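Engineer: What follows is upload-v2.cif, mmCIF, N, CA and C atoms.
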data_model
#
loop_
_atom_site.label_atom_id
_atom_site.label_comp_id
_atom_site.auth_asym_id
_atom_site.auth_seq_id
_atom_site.Cartn_x
_atom_site.Cartn_y
_atom_site.Cartn_z
N MET A 257 19.26 20.44 77.94
CA MET A 257 20.25 21.48 78.13
C MET A 257 19.58 22.82 77.93
N SER A 258 19.97 23.74 78.72
CA SER A 258 19.42 25.08 78.67
C SER A 258 19.89 25.81 77.41
N THR A 259 19.03 26.66 76.86
CA THR A 259 19.43 27.47 75.71
C THR A 259 19.98 28.82 76.16
N ASP A 260 19.99 29.04 77.46
CA ASP A 260 20.58 30.26 78.01
C ASP A 260 22.09 30.11 77.95
N TYR A 261 22.79 30.93 77.17
CA TYR A 261 24.23 30.77 76.96
C TYR A 261 25.07 31.51 77.99
N THR A 262 24.44 32.07 79.01
CA THR A 262 25.23 32.73 80.04
C THR A 262 25.75 31.72 81.07
N THR A 263 24.96 30.67 81.33
CA THR A 263 25.42 29.58 82.20
C THR A 263 24.94 28.27 81.61
N ARG A 264 25.70 27.19 81.88
CA ARG A 264 25.33 25.87 81.37
C ARG A 264 25.47 24.84 82.47
N SER A 265 24.55 23.87 82.48
CA SER A 265 24.66 22.79 83.45
C SER A 265 24.96 21.47 82.74
N PHE A 266 25.06 21.47 81.43
CA PHE A 266 25.40 20.31 80.62
C PHE A 266 24.42 19.16 80.77
N GLY A 267 23.18 19.45 81.13
CA GLY A 267 22.09 18.49 81.09
C GLY A 267 22.19 17.33 82.05
N MET A 268 23.05 17.36 83.03
CA MET A 268 23.19 16.26 83.97
C MET A 268 22.54 16.64 85.28
N PRO A 269 21.73 15.72 85.85
CA PRO A 269 21.12 16.04 87.14
C PRO A 269 22.20 16.33 88.19
N GLY A 270 22.06 17.41 88.90
CA GLY A 270 23.03 17.76 89.93
C GLY A 270 24.33 18.31 89.39
N ALA A 271 24.40 18.57 88.08
CA ALA A 271 25.64 19.07 87.49
C ALA A 271 25.92 20.49 87.95
N VAL A 272 27.17 20.82 87.99
CA VAL A 272 27.59 22.16 88.38
C VAL A 272 27.28 23.12 87.24
N THR A 273 26.75 24.26 87.57
CA THR A 273 26.49 25.28 86.57
C THR A 273 27.80 25.97 86.24
N VAL A 274 28.11 26.08 84.95
CA VAL A 274 29.37 26.66 84.51
C VAL A 274 29.13 28.04 83.94
N ASP A 275 29.85 29.00 84.45
CA ASP A 275 29.78 30.37 83.94
C ASP A 275 30.85 30.51 82.86
N PRO A 276 30.49 30.75 81.60
CA PRO A 276 31.47 30.83 80.52
C PRO A 276 32.44 32.00 80.67
N ASN A 277 32.14 32.95 81.56
CA ASN A 277 33.05 34.06 81.78
C ASN A 277 34.21 33.70 82.69
N VAL A 278 34.13 32.53 83.32
CA VAL A 278 35.19 32.07 84.21
C VAL A 278 36.09 31.13 83.42
N PHE A 279 37.38 31.38 83.46
CA PHE A 279 38.33 30.54 82.72
C PHE A 279 38.37 29.14 83.32
N THR A 280 38.23 28.13 82.48
CA THR A 280 38.35 26.73 82.92
C THR A 280 39.28 26.02 81.96
N GLN A 281 39.71 24.86 82.33
CA GLN A 281 40.57 24.04 81.49
C GLN A 281 39.79 23.40 80.35
N GLY A 282 38.48 23.39 80.44
CA GLY A 282 37.66 22.83 79.38
C GLY A 282 37.12 21.46 79.76
N ILE A 283 35.97 21.15 79.21
CA ILE A 283 35.31 19.88 79.49
C ILE A 283 36.09 18.71 78.89
N ASP A 284 36.86 18.94 77.82
CA ASP A 284 37.63 17.86 77.21
C ASP A 284 38.65 17.27 78.17
N MET A 285 39.02 18.02 79.21
CA MET A 285 39.95 17.51 80.19
C MET A 285 39.40 16.27 80.89
N LEU A 286 38.08 16.16 81.01
CA LEU A 286 37.46 15.02 81.66
C LEU A 286 37.63 13.74 80.86
N ARG A 287 37.96 13.84 79.59
CA ARG A 287 38.09 12.68 78.73
C ARG A 287 39.53 12.18 78.61
N VAL A 288 40.45 12.79 79.34
CA VAL A 288 41.86 12.40 79.27
C VAL A 288 42.01 11.00 79.84
N LYS A 289 42.69 10.13 79.10
CA LYS A 289 42.91 8.76 79.56
C LYS A 289 44.24 8.66 80.27
N ASP A 290 44.29 7.79 81.26
CA ASP A 290 45.52 7.54 81.99
C ASP A 290 46.47 6.78 81.08
N ARG A 291 47.70 7.30 80.92
CA ARG A 291 48.65 6.68 79.99
C ARG A 291 49.47 5.59 80.66
N ARG A 292 49.29 5.38 81.95
CA ARG A 292 50.07 4.37 82.64
C ARG A 292 49.69 2.98 82.15
N ALA A 293 50.70 2.11 82.02
CA ALA A 293 50.47 0.75 81.55
C ALA A 293 49.89 -0.12 82.66
N ALA A 294 50.26 0.14 83.91
CA ALA A 294 49.81 -0.69 85.03
C ALA A 294 48.72 0.02 85.82
N ARG A 295 47.80 -0.76 86.36
CA ARG A 295 46.71 -0.23 87.18
C ARG A 295 47.27 0.24 88.52
N ARG A 296 46.80 1.40 88.98
CA ARG A 296 47.26 1.96 90.25
C ARG A 296 46.35 1.52 91.38
N GLU A 297 46.96 1.25 92.53
CA GLU A 297 46.23 0.92 93.75
C GLU A 297 46.32 2.14 94.65
N MET A 298 45.18 2.78 94.91
CA MET A 298 45.16 3.96 95.77
C MET A 298 45.40 3.51 97.20
N MET A 299 46.29 4.21 97.89
CA MET A 299 46.63 3.84 99.26
C MET A 299 46.79 5.09 100.10
N SER A 300 46.69 4.90 101.39
CA SER A 300 46.98 5.98 102.33
C SER A 300 47.74 5.35 103.49
N GLU A 301 48.96 4.95 103.21
CA GLU A 301 49.80 4.26 104.18
C GLU A 301 51.09 5.04 104.37
N THR A 302 51.74 4.80 105.48
CA THR A 302 53.05 5.41 105.73
C THR A 302 54.13 4.64 104.97
N ILE A 303 55.06 5.38 104.41
CA ILE A 303 56.18 4.79 103.69
C ILE A 303 57.46 5.19 104.42
N LEU A 304 58.38 4.25 104.52
CA LEU A 304 59.73 4.55 105.01
C LEU A 304 60.66 4.42 103.83
N PHE A 305 61.62 5.31 103.71
CA PHE A 305 62.58 5.22 102.61
C PHE A 305 63.90 5.80 103.05
N ARG A 306 64.94 5.46 102.31
CA ARG A 306 66.26 6.04 102.54
C ARG A 306 66.96 6.19 101.21
N THR A 307 67.76 7.23 101.10
CA THR A 307 68.48 7.47 99.85
C THR A 307 69.62 6.48 99.73
N VAL A 308 69.99 6.17 98.49
CA VAL A 308 71.01 5.18 98.20
C VAL A 308 72.12 5.83 97.40
N GLY A 309 73.36 5.48 97.69
CA GLY A 309 74.48 5.98 96.91
C GLY A 309 75.61 6.48 97.79
N PRO A 310 76.77 6.68 97.17
CA PRO A 310 77.93 7.18 97.92
C PRO A 310 77.65 8.56 98.50
N GLY A 311 78.01 8.74 99.75
CA GLY A 311 77.83 10.04 100.38
C GLY A 311 76.42 10.33 100.84
N LYS A 312 75.49 9.41 100.63
CA LYS A 312 74.09 9.61 101.04
C LYS A 312 73.89 9.09 102.46
N SER A 313 73.05 9.74 103.21
CA SER A 313 72.73 9.31 104.57
C SER A 313 71.88 8.03 104.52
N ARG A 314 72.13 7.12 105.41
CA ARG A 314 71.34 5.89 105.48
C ARG A 314 70.18 6.04 106.47
N LYS A 315 69.90 7.28 106.89
CA LYS A 315 68.82 7.56 107.83
C LYS A 315 67.46 7.30 107.16
N PHE A 316 66.55 6.67 107.90
CA PHE A 316 65.21 6.44 107.38
C PHE A 316 64.41 7.73 107.41
N LEU A 317 63.68 7.97 106.34
CA LEU A 317 62.80 9.12 106.19
C LEU A 317 61.39 8.58 106.00
N SER A 318 60.38 9.44 106.10
CA SER A 318 59.01 8.94 105.96
C SER A 318 58.19 9.81 105.04
N GLY A 319 57.06 9.25 104.63
CA GLY A 319 56.13 9.95 103.76
C GLY A 319 54.78 9.26 103.80
N GLN A 320 53.85 9.73 102.99
CA GLN A 320 52.50 9.18 102.90
C GLN A 320 52.24 8.75 101.46
N ILE A 321 51.95 7.47 101.26
CA ILE A 321 51.71 6.94 99.92
C ILE A 321 50.39 7.49 99.38
N GLN A 322 50.39 7.86 98.10
CA GLN A 322 49.17 8.25 97.41
C GLN A 322 48.65 7.08 96.57
N ASP A 323 49.54 6.48 95.76
CA ASP A 323 49.18 5.31 94.99
C ASP A 323 50.42 4.53 94.62
N VAL A 324 50.20 3.26 94.26
CA VAL A 324 51.30 2.38 93.89
C VAL A 324 50.82 1.47 92.76
N SER A 325 51.72 1.12 91.86
CA SER A 325 51.42 0.17 90.79
C SER A 325 52.63 -0.73 90.64
N GLU A 326 52.57 -1.68 89.72
CA GLU A 326 53.74 -2.54 89.53
C GLU A 326 54.90 -1.77 88.92
N GLY A 327 54.65 -0.59 88.37
CA GLY A 327 55.70 0.20 87.75
C GLY A 327 56.32 1.27 88.63
N GLY A 328 55.59 1.71 89.66
CA GLY A 328 56.13 2.78 90.47
C GLY A 328 55.22 3.18 91.62
N ILE A 329 55.56 4.30 92.24
CA ILE A 329 54.85 4.75 93.44
C ILE A 329 54.80 6.27 93.45
N SER A 330 53.74 6.81 94.04
CA SER A 330 53.59 8.24 94.23
C SER A 330 53.37 8.47 95.73
N PHE A 331 54.11 9.43 96.30
CA PHE A 331 53.96 9.70 97.72
C PHE A 331 54.30 11.15 98.04
N GLU A 332 53.89 11.59 99.22
CA GLU A 332 54.21 12.92 99.71
C GLU A 332 55.18 12.80 100.87
N THR A 333 56.12 13.72 100.96
CA THR A 333 57.10 13.72 102.03
C THR A 333 57.56 15.14 102.32
N GLU A 334 58.10 15.36 103.50
CA GLU A 334 58.67 16.66 103.84
C GLU A 334 60.12 16.75 103.40
N THR A 335 60.68 15.64 102.93
CA THR A 335 62.08 15.56 102.51
C THR A 335 62.24 16.01 101.07
N SER A 336 63.21 16.86 100.82
CA SER A 336 63.51 17.30 99.46
C SER A 336 64.29 16.20 98.73
N LEU A 337 63.74 15.73 97.63
CA LEU A 337 64.39 14.73 96.78
C LEU A 337 64.56 15.32 95.39
N SER A 338 65.53 14.81 94.64
CA SER A 338 65.78 15.31 93.29
C SER A 338 65.57 14.20 92.27
N GLU A 339 65.19 14.61 91.06
CA GLU A 339 65.06 13.64 89.97
C GLU A 339 66.38 12.90 89.80
N GLY A 340 66.29 11.59 89.62
CA GLY A 340 67.48 10.77 89.44
C GLY A 340 67.98 10.13 90.72
N ASP A 341 67.55 10.64 91.89
CA ASP A 341 67.95 10.02 93.16
C ASP A 341 67.42 8.60 93.22
N LEU A 342 68.20 7.70 93.83
CA LEU A 342 67.75 6.33 94.09
C LEU A 342 67.36 6.23 95.55
N ILE A 343 66.24 5.53 95.80
CA ILE A 343 65.80 5.32 97.17
C ILE A 343 65.42 3.85 97.37
N ASP A 344 65.59 3.37 98.58
CA ASP A 344 65.05 2.08 98.99
C ASP A 344 63.77 2.37 99.75
N ILE A 345 62.70 1.65 99.39
CA ILE A 345 61.36 1.91 99.91
C ILE A 345 60.90 0.72 100.75
N PHE A 346 60.22 1.02 101.86
CA PHE A 346 59.67 -0.02 102.73
C PHE A 346 58.25 0.40 103.13
N PHE A 347 57.27 -0.47 102.87
CA PHE A 347 55.90 -0.20 103.30
C PHE A 347 55.12 -1.49 103.39
N LYS A 348 53.99 -1.45 104.06
CA LYS A 348 53.12 -2.61 104.22
C LYS A 348 51.89 -2.41 103.36
N ARG A 349 51.62 -3.38 102.51
CA ARG A 349 50.39 -3.34 101.70
C ARG A 349 49.30 -4.03 102.48
N GLN A 350 48.30 -3.26 102.91
CA GLN A 350 47.24 -3.81 103.75
C GLN A 350 46.38 -4.84 103.01
N ILE A 351 46.21 -4.67 101.70
CA ILE A 351 45.39 -5.62 100.94
C ILE A 351 46.03 -7.00 100.93
N ALA A 352 47.35 -7.04 100.74
CA ALA A 352 48.05 -8.32 100.67
C ALA A 352 48.64 -8.74 102.02
N TYR A 353 48.54 -7.87 103.02
CA TYR A 353 49.14 -8.12 104.34
C TYR A 353 50.61 -8.52 104.21
N ALA A 354 51.32 -7.82 103.36
CA ALA A 354 52.72 -8.16 103.10
C ALA A 354 53.59 -6.92 103.19
N ASP A 355 54.81 -7.12 103.69
CA ASP A 355 55.80 -6.05 103.68
C ASP A 355 56.37 -5.96 102.28
N THR A 356 56.56 -4.75 101.80
CA THR A 356 57.11 -4.54 100.47
C THR A 356 58.40 -3.74 100.58
N CYS A 357 59.43 -4.23 99.92
CA CYS A 357 60.71 -3.54 99.85
C CYS A 357 61.07 -3.41 98.38
N ALA A 358 61.52 -2.25 97.97
CA ALA A 358 61.86 -2.05 96.56
C ALA A 358 62.86 -0.92 96.42
N ARG A 359 63.56 -0.90 95.31
CA ARG A 359 64.42 0.22 94.96
C ARG A 359 63.71 1.00 93.86
N ALA A 360 63.78 2.33 93.94
CA ALA A 360 63.10 3.17 92.96
C ALA A 360 63.95 4.38 92.62
N GLU A 361 63.71 4.90 91.43
CA GLU A 361 64.37 6.12 90.97
C GLU A 361 63.35 7.25 90.94
N ILE A 362 63.71 8.38 91.50
CA ILE A 362 62.82 9.54 91.51
C ILE A 362 62.71 10.09 90.08
N VAL A 363 61.48 10.18 89.58
CA VAL A 363 61.25 10.72 88.23
C VAL A 363 60.54 12.07 88.29
N ARG A 364 59.99 12.40 89.47
CA ARG A 364 59.28 13.66 89.62
C ARG A 364 59.30 14.04 91.09
N ALA A 365 59.61 15.31 91.38
CA ALA A 365 59.58 15.82 92.75
C ALA A 365 59.08 17.25 92.70
N ASN A 366 57.80 17.45 93.00
CA ASN A 366 57.18 18.77 92.94
C ASN A 366 57.10 19.37 94.33
N ASN A 367 57.61 20.60 94.48
CA ASN A 367 57.53 21.31 95.75
C ASN A 367 56.11 21.85 95.90
N MET A 368 55.40 21.39 96.93
CA MET A 368 54.02 21.81 97.16
C MET A 368 53.92 22.80 98.33
N GLY A 369 55.04 23.38 98.70
CA GLY A 369 55.07 24.32 99.83
C GLY A 369 55.52 23.62 101.09
N ALA A 370 54.58 23.03 101.82
CA ALA A 370 54.92 22.36 103.09
C ALA A 370 55.47 20.95 102.87
N CYS A 371 55.27 20.40 101.67
CA CYS A 371 55.75 19.05 101.40
C CYS A 371 56.12 18.92 99.93
N PHE A 372 56.65 17.75 99.57
CA PHE A 372 57.01 17.44 98.20
C PHE A 372 56.15 16.28 97.72
N GLU A 373 55.64 16.38 96.50
CA GLU A 373 54.91 15.29 95.87
C GLU A 373 55.90 14.58 94.98
N VAL A 374 56.13 13.30 95.24
CA VAL A 374 57.20 12.55 94.59
C VAL A 374 56.62 11.40 93.78
N GLY A 375 57.14 11.21 92.58
CA GLY A 375 56.82 10.06 91.75
C GLY A 375 58.11 9.29 91.50
N ALA A 376 58.08 7.98 91.70
CA ALA A 376 59.28 7.16 91.51
C ALA A 376 58.91 5.89 90.75
N ARG A 377 59.84 5.45 89.90
CA ARG A 377 59.61 4.19 89.18
C ARG A 377 60.53 3.13 89.78
N PHE A 378 59.98 1.94 89.89
CA PHE A 378 60.75 0.84 90.45
C PHE A 378 61.85 0.42 89.47
N VAL A 379 63.04 0.16 89.99
CA VAL A 379 64.18 -0.27 89.15
C VAL A 379 64.69 -1.62 89.62
#
Can I see the file as structure tokens?
Structural biologist:
Amino acid sequence: MSTDYTTRSFGMPGAVTVDPNVFTQGIDMLRVKDRRAARREMMSETILFRTVGPGKSRKFLSGQIQDVSEGGISFETETSLSEGDLIDIFFKRQIAYADTCARAEIVRANNMGACFEVGARFV
């Protein structure tokens, strides 16, 4: 490791040089452990879903899956969803070559500008 305190590369070959004058979240962020109980399967597949409940449209909507686990799913969509909404989900898992249908509750819906990043837990 360099003794020059103006920039640091943290002694790793090919490491990015860090300027201490630039605000960062800190190196400890790299040590954060995933708190999820189930292992996530990263995917890039199309998802079809529809909202469930009285007064809700039964029209199919679409999105792009980011990851899925036995506990829930994360996906992006152009459709605005709210926490607490129930949805029926339909997608094909390429690894298992199987169609998957499930009901999920929206636990997170972040507006990313052009789309929404949604997290849902299976119920």
Engineer: Would you work out the distance separating CA of Thr333 (chain A) from atom N of Val308 (chain A), expressed in Å to one decimal?
Structural biologist: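 Distance reported for this atom pair: 15.4 Å.
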Engineer: Using all atoms listed in the file, which of A:Lys312, A:Glu373, A:Glu361, A:Met298 sits nearest Phe331 (chain A)?
Structural biologist: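 Closest residue, counting all atoms listed in the file: A:Glu373.
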Engineer: So how far away is CA of Glu297 (chain A) from atom N of Ile343 (chain A), in Å?
Structural biologist: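 If I compute the distance from atom N of Ile343 (chain A) to CA of Glu297 (chain A), I get 20.6 Å.
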Engineer: To one decimal place in Å, what is the distance between CA of Phe346 (chain A) and CA of Gly369 (chain A)?
Structural biologist: 24.9 Å
Engineer: Considering all atoms listed in the file, return as a PyMOL selection string whatever protein or nucleic-acid residues lie within 6 Å of Ser330 (chain A), sequence-local ones (same chain, fewer than 5 positions apart) excluded.
Structural biologist: chain A and resi 320-324+374-376
Engineer: Applied to this file, what does the PyMOL selection byres ((chain A and resi 304) around 8) return in terms of residues, put as a list in words?
Structural biologist: Glu301, Thr302, Ile303, Phe305, Arg306, Phe316, Leu317, Ser318, Gly319, Gln320, Ile321, Asp344, Ile345, Phe346, Phe347 and Lys348 of chain A
Engineer: I'd like the neighbourhood of Glu339 (chain A) as a VMD selection string, where a residue qualifies if any of its atoms comes within 6 Å (using only N, CA and C atoms), though same-chain residues fewer than 4 positions away should be ignored.
Structural biologist: chain A and resid 362 to 365
